[in-house]
Structures are given as structure tokens and as C-alpha cells.
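Coordinates as given in my_file.pdb (PDB, C-alpha atoms and all ligand atoms):
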ATOM      1  CA  MET A  24      30.132  -2.373  25.286
ATOM      2  CA  ASP A  25      29.497  -5.641  23.528
ATOM      3  CA  LEU A  26      26.814  -5.192  20.860
ATOM      4  CA  ILE A  27      27.959  -8.067  18.663
ATOM      5  CA  GLY A  28      24.976  -9.718  16.975
ATOM      6  CA  LYS A  29      22.603  -6.895  17.925
ATOM      7  CA  ARG A  30      20.377  -5.245  15.339
ATOM      8  CA  ALA A  31      19.691  -1.536  15.750
ATOM      9  CA  LEU A  32      17.473   1.133  14.223
ATOM     10  CA  VAL A  33      18.457   4.777  14.723
ATOM     11  CA  THR A  34      16.073   7.519  13.616
ATOM     12  CA  GLY A  35      17.680  10.605  12.064
ATOM     13  CA  GLY A  36      21.027   8.940  11.426
ATOM     14  CA  SER A  37      22.235  10.893   8.403
ATOM     15  CA  ARG A  38      23.833  13.765  10.324
ATOM     16  CA  GLY A  39      24.859  15.065  13.730
ATOM     17  CA  ILE A  40      24.121  13.112  16.886
ATOM     18  CA  GLY A  41      22.144  10.363  15.113
ATOM     19  CA  ALA A  42      24.984   9.680  12.664
ATOM     20  CA  ALA A  43      27.451   9.451  15.565
ATOM     21  CA  ILE A  44      25.113   7.047  17.365
ATOM     22  CA  ALA A  45      24.766   4.829  14.279
ATOM     23  CA  LEU A  46      28.541   4.688  13.998
ATOM     24  CA  ALA A  47      29.139   4.070  17.715
ATOM     25  CA  LEU A  48      26.689   1.150  17.702
ATOM     26  CA  ALA A  49      28.457  -0.318  14.643
ATOM     27  CA  GLU A  50      31.902   0.179  16.217
ATOM     28  CA  ASN A  51      30.668  -1.854  19.171
ATOM     29  CA  GLY A  52      29.441  -4.670  16.937
ATOM     30  CA  ALA A  53      25.823  -3.945  15.950
ATOM     31  CA  ASP A  54      24.290  -4.026  12.484
ATOM     32  CA  VAL A  55      22.604  -0.655  12.029
ATOM     33  CA  ALA A  56      19.676   0.644  10.001
ATOM     34  CA  PHE A  57      18.848   4.324  10.255
ATOM     35  CA  THR A  58      16.299   6.753   8.885
ATOM     36  CA  TYR A  59      16.742  10.157   7.338
ATOM     37  CA  GLN A  60      14.460  12.703   5.728
ATOM     38  CA  ARG A  61      16.353  14.546   2.967
ATOM     39  CA  SER A  62      20.132  13.975   3.207
ATOM     40  CA  ALA A  63      20.514  10.967   0.900
ATOM     41  CA  GLU A  64      24.203  11.621   0.166
ATOM     42  CA  ARG A  65      25.154  12.029   3.795
ATOM     43  CA  ALA A  66      23.137   8.923   4.603
ATOM     44  CA  ALA A  67      25.171   6.990   2.030
ATOM     45  CA  THR A  68      28.376   8.190   3.722
ATOM     46  CA  VAL A  69      27.129   6.920   7.087
ATOM     47  CA  VAL A  70      26.310   3.533   5.519
ATOM     48  CA  ARG A  71      29.891   3.324   4.206
ATOM     49  CA  SER A  72      31.276   4.152   7.686
ATOM     50  CA  ILE A  73      29.155   1.393   9.217
ATOM     51  CA  GLU A  74      30.344  -1.051   6.564
ATOM     52  CA  ASP A  75      33.971  -0.019   7.215
ATOM     53  CA  ASN A  76      33.404  -1.639  10.623
ATOM     54  CA  ASP A  77      32.353  -4.896   8.911
ATOM     55  CA  ARG A  78      28.749  -4.359  10.014
ATOM     56  CA  ARG A  79      25.635  -4.202   7.902
ATOM     57  CA  GLY A  80      24.368  -0.657   7.309
ATOM     58  CA  LEU A  81      21.037   0.397   5.829
ATOM     59  CA  ALA A  82      19.718   3.915   5.136
ATOM     60  CA  ILE A  83      15.927   4.287   4.996
ATOM     61  CA  GLN A  84      14.217   7.439   3.781
ATOM     62  CA  ALA A  85      11.336   7.909   6.234
ATOM     63  CA  ASP A  86       9.742  11.129   7.471
ATOM     64  CA  SER A  87       9.244  10.844  11.240
ATOM     65  CA  ALA A  88       6.067  12.911  10.845
ATOM     66  CA  ASP A  89       4.508  10.181   8.656
ATOM     67  CA  PRO A  90       2.998   7.234  10.592
ATOM     68  CA  ASP A  91       2.996   4.960   7.521
ATOM     69  CA  ALA A  92       6.654   5.713   6.800
ATOM     70  CA  ILE A  93       7.496   4.846  10.418
ATOM     71  CA  ARG A  94       5.783   1.459  10.198
ATOM     72  CA  ARG A  95       7.521   0.757   6.877
ATOM     73  CA  ALA A  96      10.938   1.740   8.305
ATOM     74  CA  VAL A  97      10.630  -0.691  11.205
ATOM     75  CA  ALA A  98       9.391  -3.483   8.904
ATOM     76  CA  GLN A  99      12.233  -2.821   6.455
ATOM     77  CA  THR A 100      14.787  -2.933   9.275
ATOM     78  CA  VAL A 101      13.439  -6.219  10.617
ATOM     79  CA  GLY A 102      13.380  -7.688   7.101
ATOM     80  CA  ALA A 103      16.919  -6.609   6.237
ATOM     81  CA  LEU A 104      18.650  -7.271   9.565
ATOM     82  CA  GLY A 105      16.594 -10.296  10.607
ATOM     83  CA  GLY A 106      15.112  -8.683  13.717
ATOM     84  CA  LEU A 107      15.428  -5.704  16.020
ATOM     85  CA  ASP A 108      17.132  -5.405  19.412
ATOM     86  CA  ILE A 109      17.826  -1.682  19.813
ATOM     87  CA  LEU A 110      15.704   1.351  18.887
ATOM     88  CA  VAL A 111      17.253   4.801  19.218
ATOM     89  CA  ASN A 112      14.927   7.776  18.711
ATOM     90  CA  SER A 113      17.226  10.607  17.662
ATOM     91  CA  ALA A 114      15.446  12.390  14.775
ATOM     92  CA  GLY A 115      14.402  15.805  15.965
ATOM     93  CA  VAL A 116      13.640  19.276  14.781
ATOM     94  CA  ALA A 117      14.127  22.587  16.583
ATOM     95  CA  ILE A 118      12.308  25.615  15.245
ATOM     96  CA  ALA A 119      13.230  28.698  17.249
ATOM     97  CA  GLY A 120      10.854  31.597  17.819
ATOM     98  CA  MET A 121       8.816  33.340  20.456
ATOM     99  CA  THR A 122       5.564  31.599  21.380
ATOM    100  CA  ALA A 123       3.575  34.663  20.351
ATOM    101  CA  ASP A 124       4.907  34.267  16.798
ATOM    102  CA  LEU A 125       4.940  30.466  16.494
ATOM    103  CA  SER A 126       3.008  29.247  13.449
ATOM    104  CA  LEU A 127       0.606  26.354  13.721
ATOM    105  CA  ALA A 128       2.638  24.478  11.091
ATOM    106  CA  ASP A 129       5.904  24.827  13.050
ATOM    107  CA  LEU A 130       4.260  23.770  16.303
ATOM    108  CA  GLN A 131       2.712  20.764  14.566
ATOM    109  CA  THR A 132       6.043  19.744  12.988
ATOM    110  CA  MET A 133       7.838  19.756  16.349
ATOM    111  CA  LEU A 134       5.056  17.767  18.007
ATOM    112  CA  ASP A 135       4.894  15.268  15.131
ATOM    113  CA  VAL A 136       8.639  14.643  14.815
ATOM    114  CA  ASN A 137       9.808  15.092  18.421
ATOM    115  CA  VAL A 138       6.867  13.550  20.309
ATOM    116  CA  ARG A 139       4.573  11.453  18.117
ATOM    117  CA  GLY A 140       7.506  10.020  16.123
ATOM    118  CA  PRO A 141       9.232   8.334  19.106
ATOM    119  CA  VAL A 142       5.878   6.959  20.325
ATOM    120  CA  LEU A 143       5.026   5.465  16.917
ATOM    121  CA  PHE A 144       8.548   4.074  16.409
ATOM    122  CA  ALA A 145       8.342   2.398  19.826
ATOM    123  CA  GLN A 146       4.876   1.066  19.028
ATOM    124  CA  ALA A 147       6.125  -0.501  15.798
ATOM    125  CA  ALA A 148       9.303  -1.839  17.417
ATOM    126  CA  ILE A 149       7.824  -3.364  20.592
ATOM    127  CA  PRO A 150       6.511  -6.583  18.978
ATOM    128  CA  HIS A 151      10.061  -7.329  17.780
ATOM    129  CA  LEU A 152      11.955  -6.575  21.010
ATOM    130  CA  ALA A 153      12.855  -9.651  23.046
ATOM    131  CA  ALA A 154      14.379  -9.766  26.544
ATOM    132  CA  GLY A 155      17.540  -7.640  26.488
ATOM    133  CA  GLY A 156      15.932  -5.218  24.054
ATOM    134  CA  ARG A 157      16.620  -1.514  24.342
ATOM    135  CA  ILE A 158      14.834   1.739  23.595
ATOM    136  CA  VAL A 159      16.915   4.900  24.008
ATOM    137  CA  SER A 160      15.506   8.312  23.121
ATOM    138  CA  ILE A 161      17.320  11.595  22.643
ATOM    139  CA  GLY A 162      15.678  14.409  24.548
ATOM    140  CA  SER A 163      17.371  17.696  25.374
ATOM    141  CA  SER A 164      18.774  19.431  28.428
ATOM    142  CA  LEU A 165      16.123  22.063  27.619
ATOM    143  CA  ALA A 166      13.498  19.515  28.734
ATOM    144  CA  GLU A 167      14.330  20.321  32.355
ATOM    145  CA  ARG A 168      15.592  23.874  32.249
ATOM    146  CA  VAL A 169      14.845  26.662  29.749
ATOM    147  CA  PRO A 170      17.388  29.407  30.438
ATOM    148  CA  PHE A 171      16.615  31.645  27.455
ATOM    149  CA  PRO A 172      13.511  32.602  25.435
ATOM    150  CA  GLY A 173      12.675  31.402  21.943
ATOM    151  CA  VAL A 174      12.858  27.634  22.479
ATOM    152  CA  THR A 175       9.708  27.148  24.560
ATOM    153  CA  ALA A 176       7.773  24.835  22.233
ATOM    154  CA  TYR A 177      10.880  22.809  21.379
ATOM    155  CA  ALA A 178      11.668  22.378  25.102
ATOM    156  CA  MET A 179       8.062  21.396  25.747
ATOM    157  CA  SER A 180       8.215  18.751  23.021
ATOM    158  CA  LYS A 181      11.385  17.292  24.520
ATOM    159  CA  SER A 182       9.990  17.258  28.067
ATOM    160  CA  ALA A 183       7.222  14.935  26.856
ATOM    161  CA  LEU A 184       9.904  12.262  26.456
ATOM    162  CA  LEU A 185      10.558  12.287  30.219
ATOM    163  CA  ALA A 186       7.105  10.879  30.980
ATOM    164  CA  PHE A 187       7.133   8.680  27.889
ATOM    165  CA  THR A 188      10.421   7.061  28.950
ATOM    166  CA  ARG A 189       9.365   6.477  32.532
ATOM    167  CA  GLY A 190       5.939   5.128  31.603
ATOM    168  CA  LEU A 191       7.243   2.880  28.851
ATOM    169  CA  SER A 192       9.914   1.463  31.177
ATOM    170  CA  ARG A 193       7.054   0.309  33.436
ATOM    171  CA  GLU A 194       5.236  -1.254  30.486
ATOM    172  CA  LEU A 195       8.241  -3.094  29.013
ATOM    173  CA  GLY A 196      10.097  -4.030  32.203
ATOM    174  CA  PRO A 197       8.242  -7.349  32.560
ATOM    175  CA  GLN A 198       9.544  -8.458  29.139
ATOM    176  CA  GLY A 199      13.135  -7.490  29.972
ATOM    177  CA  VAL A 200      13.296  -4.451  27.708
ATOM    178  CA  THR A 201      14.865  -1.268  29.091
ATOM    179  CA  VAL A 202      13.802   2.262  28.150
ATOM    180  CA  ASN A 203      16.010   5.259  28.806
ATOM    181  CA  LEU A 204      16.425   8.906  27.872
ATOM    182  CA  VAL A 205      19.594  10.852  27.120
ATOM    183  CA  LEU A 206      19.493  14.635  27.483
ATOM    184  CA  PRO A 207      22.256  16.203  25.408
ATOM    185  CA  GLY A 208      23.273  19.756  26.141
ATOM    186  CA  SER A 209      24.652  22.081  23.479
ATOM    187  CA  THR A 210      26.204  19.755  20.914
ATOM    188  CA  ASP A 211      28.088  20.897  17.830
ATOM    189  CA  THR A 212      25.853  19.934  14.876
ATOM    190  CA  ASP A 213      24.020  21.607  12.004
ATOM    191  CA  MET A 214      21.135  22.183  14.434
ATOM    192  CA  ASN A 215      23.299  24.042  16.944
ATOM    193  CA  PRO A 216      26.773  24.912  15.611
ATOM    194  CA  ALA A 217      29.481  25.701  18.164
ATOM    195  CA  ASP A 218      30.198  28.905  16.238
ATOM    196  CA  GLY A 219      26.519  29.903  16.099
ATOM    197  CA  GLU A 220      24.862  33.136  17.203
ATOM    198  CA  ASN A 221      24.415  32.496  20.950
ATOM    199  CA  ALA A 222      27.050  29.746  21.247
ATOM    200  CA  ASP A 223      29.201  31.648  23.761
ATOM    201  CA  TYR A 224      26.176  32.139  25.997
ATOM    202  CA  GLN A 225      25.395  28.421  25.796
ATOM    203  CA  ARG A 226      29.004  27.636  26.742
ATOM    204  CA  SER A 227      28.720  29.942  29.763
ATOM    205  CA  LEU A 228      25.814  27.833  31.085
ATOM    206  CA  THR A 229      27.944  24.671  31.355
ATOM    207  CA  SER A 230      30.449  23.471  33.939
ATOM    208  CA  LEU A 231      32.999  22.456  31.306
ATOM    209  CA  GLY A 232      32.623  25.683  29.340
ATOM    210  CA  ARG A 233      32.269  23.988  25.976
ATOM    211  CA  PHE A 234      29.930  22.340  23.497
ATOM    212  CA  GLY A 235      29.730  18.585  23.334
ATOM    213  CA  GLU A 236      30.729  16.580  20.282
ATOM    214  CA  PRO A 237      28.162  14.186  18.746
ATOM    215  CA  ARG A 238      30.393  11.181  19.528
ATOM    216  CA  GLU A 239      30.368  12.168  23.237
ATOM    217  CA  VAL A 240      26.578  11.787  23.264
ATOM    218  CA  ALA A 241      26.825   8.625  21.160
ATOM    219  CA  SER A 242      29.087   6.842  23.643
ATOM    220  CA  ALA A 243      26.453   7.292  26.381
ATOM    221  CA  VAL A 244      23.826   5.818  24.063
ATOM    222  CA  ALA A 245      26.066   2.866  23.184
ATOM    223  CA  PHE A 246      26.485   2.177  26.908
ATOM    224  CA  LEU A 247      22.725   2.285  27.565
ATOM    225  CA  ALA A 248      22.211  -0.045  24.574
ATOM    226  CA  SER A 249      24.739  -2.552  25.902
ATOM    227  CA  PRO A 250      24.286  -5.489  28.293
ATOM    228  CA  ALA A 251      26.387  -3.542  30.839
ATOM    229  CA  ALA A 252      23.379  -1.233  31.384
ATOM    230  CA  CYS A 253      20.921  -4.079  32.046
ATOM    231  CA  LEU A 254      19.680  -2.686  35.388
ATOM    232  CA  ILE A 255      19.164   0.835  34.102
ATOM    233  CA  THR A 256      15.629   1.621  32.951
ATOM    234  CA  GLY A 257      13.336   4.614  33.219
ATOM    235  CA  ALA A 258      16.498   6.668  33.694
ATOM    236  CA  VAL A 259      17.313  10.130  32.437
ATOM    237  CA  LEU A 260      20.995  10.737  31.715
ATOM    238  CA  ASN A 261      22.312  14.276  31.279
ATOM    239  CA  VAL A 262      25.159  14.403  28.745
ATOM    240  CA  ASP A 263      25.578  18.142  28.762
ATOM    241  CA  GLY A 264      28.950  19.242  30.136
ATOM    242  CA  GLY A 265      27.291  20.246  33.400
ATOM    243  CA  PHE A 266      24.480  22.412  32.024
ATOM    244  CA  ALA A 267      22.085  20.843  34.553
ATOM    245  CA  ALA A 268      24.514  20.999  37.503
TER     246      ALA A 268
HETATM  247  P1  LIG B   1      20.702  17.777  13.124
HETATM  248  O1  LIG B   1      22.157  17.971  12.967
HETATM  249  O2  LIG B   1      19.761  18.835  12.643
HETATM  250  O3  LIG B   1      20.300  16.360  12.472
HETATM  251  C1  LIG B   1      18.947  15.985  12.519
HETATM  252  C2  LIG B   1      18.805  14.569  12.024
HETATM  253  O4  LIG B   1      17.425  14.197  12.168
HETATM  254  C3  LIG B   1      19.155  14.404  10.553
HETATM  255  O5  LIG B   1      19.633  13.103  10.355
HETATM  256  C4  LIG B   1      17.792  14.593   9.880
HETATM  257  O6  LIG B   1      17.674  13.961   8.600
HETATM  258  C5  LIG B   1      16.889  13.905  10.878
HETATM  259  N1  LIG B   1      15.519  14.389  10.783
HETATM  260  C6  LIG B   1      15.053  15.641  11.033
HETATM  261  N2  LIG B   1      13.734  15.693  10.795
HETATM  262  C7  LIG B   1      13.363  14.460  10.364
HETATM  263  C8  LIG B   1      12.153  13.884   9.931
HETATM  264  N3  LIG B   1      11.011  14.600   9.882
HETATM  265  N4  LIG B   1      12.155  12.586   9.566
HETATM  266  C9  LIG B   1      13.282  11.855   9.592
HETATM  267  N5  LIG B   1      14.465  12.338   9.984
HETATM  268  C10 LIG B   1      14.507  13.625  10.344
HETATM  269  O7  LIG B   1      20.330  17.596  14.658
HETATM  270  P2  LIG B   1      21.203  17.083  15.905
HETATM  271  O8  LIG B   1      21.749  18.270  16.581
HETATM  272  O9  LIG B   1      22.096  15.974  15.516
HETATM  273  O10 LIG B   1      20.027  16.529  16.821
HETATM  274  C11 LIG B   1      19.761  15.143  17.021
HETATM  275  C12 LIG B   1      18.820  15.021  18.210
HETATM  276  O11 LIG B   1      19.456  15.580  19.366
HETATM  277  C13 LIG B   1      17.506  15.785  18.025
HETATM  278  O12 LIG B   1      16.457  15.050  18.611
HETATM  279  C14 LIG B   1      17.769  17.067  18.788
HETATM  280  O13 LIG B   1      16.564  17.659  19.216
HETATM  281  C15 LIG B   1      18.604  16.577  19.932
HETATM  282  N6  LIG B   1      19.436  17.572  20.604
HETATM  283  C16 LIG B   1      20.377  18.304  19.934
HETATM  284  C17 LIG B   1      21.148  19.228  20.643
HETATM  285  C18 LIG B   1      22.212  20.066  19.992
HETATM  286  O14 LIG B   1      22.717  21.012  20.642
HETATM  287  N7  LIG B   1      22.621  19.776  18.775
HETATM  288  C19 LIG B   1      20.935  19.407  22.006
HETATM  289  C20 LIG B   1      19.984  18.655  22.656
HETATM  290  C21 LIG B   1      19.234  17.728  21.947
HETATM  291  P3  LIG B   1      18.107  14.767   7.237
HETATM  292  O15 LIG B   1      19.593  14.842   7.282
HETATM  293  O16 LIG B   1      17.620  13.915   6.131
HETATM  294  O17 LIG B   1      17.476  16.113   7.314
END
What do you get writing this file as C-alpha cells?
Amino acid sequence: MDLIGKRALVTGGSRGIGAAIALALAENGADVAFTYQRSAERAATVVRSIEDNDRRGLAIQADSADPDAIRRAVAQTVGALGGLDILVNSAGVAIAGMTADLSLADLQTMLDVNVRGPVLFAQAAIPHLAAGGRIVSIGSSLAERVPFPGVTAYAMSKSALLAFTRGLSRELGPQGVTVNLVLPGSTDTDMNPADGENADYQRSLTSLGRFGEPREVASAVAFLASPAACLITGAVLNVDGGFAA
């Protein structure tokens, strides 16, 4: 997965899956900027890990719910890295609760960060993406199947990325830019710890009987970002231990 000379921006790269993606892209040769919301110290640790791979690393504080912050983050990335070849939309928020009890504020946050954020990041990135450019978004296995209550709005927000990915692949195909979607299943992060409340039930829904590790999702993203995946666009890749089988 040769990413040498590529310049990447990963949203939500301070922790969990996004941090693993930032590192995987750097390990394969890319310079990597990433955004975060609050975790400045953890972001600094990710920058050091990127730099340990002799790549440039840049942490940008930018709330994915703020359109101005999104535009600034893309501009800052392009300024610091000299351009942009790969955009990975990973920042996401999951607020559990029954639909009957869901507050307007929580619904709005999930729509802003999980749906509008990826659209606005793509919009800001598109003018910079040349042939060979890549957009990879992180959806969720819950976009296609919702096997328990309490995650309805989150699942709905992630399913919007299915249509977004397919439509955008049609729009950007003529300029040689690919657009793909990765659907992680239960992955051991702060958002969904492998020792959490319903973790055993989640394990029982998979073929492999276990949670994924962030780096196992990241390696799929690094592949889709690489030249080896040049014919793959508009695709949806389940990385979920068989949850969707
Ligand atoms: P996580 O451990 O909670 O990490 C979330 C990351 O997103 C952090 O870097 C966080 O930054 C950032 N973020 C959250 N809200 C943001 C905002 N408004 N603006 C900017 N950055 C923001 O989550 P994760 O499990 O790694 O999830 C990563 C992605 O995978 C999400 O899109 C999630 O929906 C998806 N996913 C996760 C699972 C799972 O089981 N874990 C399964 C399927 C899909 P701070 O550190 O600054 O807060």
C-alpha cells in the first residue's frame, strides 16, 4: 500500500478508529493532518506517532459541526502539507436512546457531525483532489442492519453515507477520484468498549465472535486510499467480523 508522497486529512483522528487510520496512512508513507474536538493531549500523542514514521503530522482542532471550522481545517491542511490527496471522514458521535426520548439537541448533533460534516469536508476538499485522489468515509454496520433498539437515529445518520458515497463516486469519477465507504462493526474504542454493557451480545452477532481492533479497520482504509484500489469506487466494504453475513 504505497502512499509515499500522499497528503491526507483524517477527521476525528485523536482517538479510536480515526487515530488508527492516521497512523496506518503514515506507516504506509503519507503525511497526515487530522482533526479533533477536545482531546488535545491525545492528538499530540498521535502527531508524535506519525512523526516516529518520519512523516509530517498535524493536529487541527475543528468541530465537525461547525462549517467554518471545516473550511479552515481543509485550508490549513493544504497550506501545511502542500496539497491534499486523501480525505478520510471518521469523526462521528453516537448518542444512544430510544427515539421517543431523543432530544432535539442530540438528534441535531448526530446529523451535524455524522452527515453534514462529511458532506462539507468533501465539498472543501474536492477542489484540491487531483486524479488518483481518494475520499473514504467511515459509516457503521448499523447503517444496513439495526439488530437492537436504542441506536435508531445513529444508524439513520450512518445510512445517509451509503447514498452520499455512491452519488459522489458518480460526480468525481470523471476526474479520477474514488469515493468509498467502510462499515465497521463493533470495534473496541471509547465509543464502544469491548467490555461494555452489551458487548457480549454484540459479539454474538458476528461470525468471528469478537470485537474488531481499530487497526483492523484502519488497514482496510489504507488499502482503499492506495493506488492498489484504483478501480474501486462507490463501494461499501464491511469490516465487521461477519456481522453482516
Ligand atoms: P471514538 O473513540 O469516540 O472517537 C471519536 C473521534 O471523533 C475522536 O477523535 C473525537 O475527537 C472525534 N470527534 C467526535 N466528535 C467530533 C466533532 N464534533 N468534531 C471533531 N471531531 C470529533 O469513536 P470511534 O469508535 O473511534 O469511532 C470512529 C468512527 O467509527 C465514528 O464515525 C463511528 O461512528 C464509527 N464507528 C464506530 C464503531 C465502534 O464500534 N467503535 C462501529 C461502527 C462505526 P475528540 O477526541 O477530540 O473528542
Nearby polymer residues, ligand LIG 1 (chain B), at most 8 Å, all atoms listed in the file, as JSON, numbers by chain: {"A": [34, 35, 36, 37, 38, 39, 40, 41, 42, 58, 59, 60, 61, 62, 63, 65, 66, 84, 85, 86, 87, 88, 89, 112, 113, 114, 115, 116, 117, 132, 136, 137, 161, 162, 163, 164, 165, 177, 181, 206, 207, 208, 209, 210, 211, 212, 213, 214, 215, 216, 234, 235, 237]}
Near-Thr175 (chain A) list (9 Å; all atoms listed in the file; drop same-chain fewer than 3 positions) as a ChimeraX atom specification: /A:119-122,165,169,171-172,178-180
Chain and number of each residue from the PyMOL selection byres (((chain A and resi 144) around 9) and not hetatm), as a list in words: Thr34, Ser87, Pro90, Ile93, Arg94, Ala96, Val97, Leu110, Asn112, Arg139, Gly140, Pro141, Val142, Leu143, Ala145, Gln146, Ala147, Ala148 and Ile149 of chain A
Atomic separation - CA of Leu48 (chain A) relative to CA of Glu236 (chain A), Å: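 These two atoms are separated by 16.2 Å.
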Selection result of the PyMOL selection byres (((chain A and resi 199) around 7) and not hetatm) on this file, as a PyMOL selection string: chain A and resi 154-156+195-198+200-201
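You can rank A:Ser160, A:Gln225, A:Ser249, A:Ser242 by their closest distance to Leu191 (chain A) using only C-alpha atoms, and at the top of that list sits A:Ser160.
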Pick from A:Leu247, A:Ile118, A:Leu185, A:His151 nearest to Leu104 (chain A), counting only C-alpha atoms: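 Smallest separation from Leu104 (chain A) among the options: A:His151.
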7 Å contact set for Ala241 (chain A), all atoms listed in the file, chain neighbours under 5 positions out, as a list in words: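 Near Ala241 (chain A), the qualifying residues are Ile40, Ala43, Ile44 and Ala47 of chain A.
Interatomic distance, CA of Ala153 (chain A) to CA of Leu32 (chain A): 14.7 Å.
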Among the residues A:Gly80, A:Gly232, A:Gly102, A:Gly190, the one that comes closest to Ala53 (chain A) [using all atoms listed in the file]: A:Gly80
6 Å contact set for region 251-259 of chain A, all atoms listed in the file, chain neighbours under 4 positions out, as a PyMOL selection string: chain A and resi 188-189+192+201-205+247
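Here CA of Leu260 (chain A) is placed at a distance of 22.9 Å from CA of Arg30 (chain A).
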Selected residue of minimal separation from Ala176 (chain A) among A:Asp75, A:Glu194, A:Asp124, A:Asp223, counting only C-alpha atoms: A:Asp124
Distance criterion (only C-alpha atoms): nearest to Met133 (chain A) out of A:Ala67, A:Ala268, A:Ala183, A:Val111: A:Ala183
Would you compute, for all listed atoms of region 110-117 of chain A, the axis-aligned bounding box grown by 6 Å on each side, and then report its centre and edge lengths in Å rounded to one decimal, as AutoDock Vina command-line options?
--center_x 15.4 --center_y 12.0 --center_z 17.0 --size_x 15.6 --size_y 33.2 --size_z 16.4
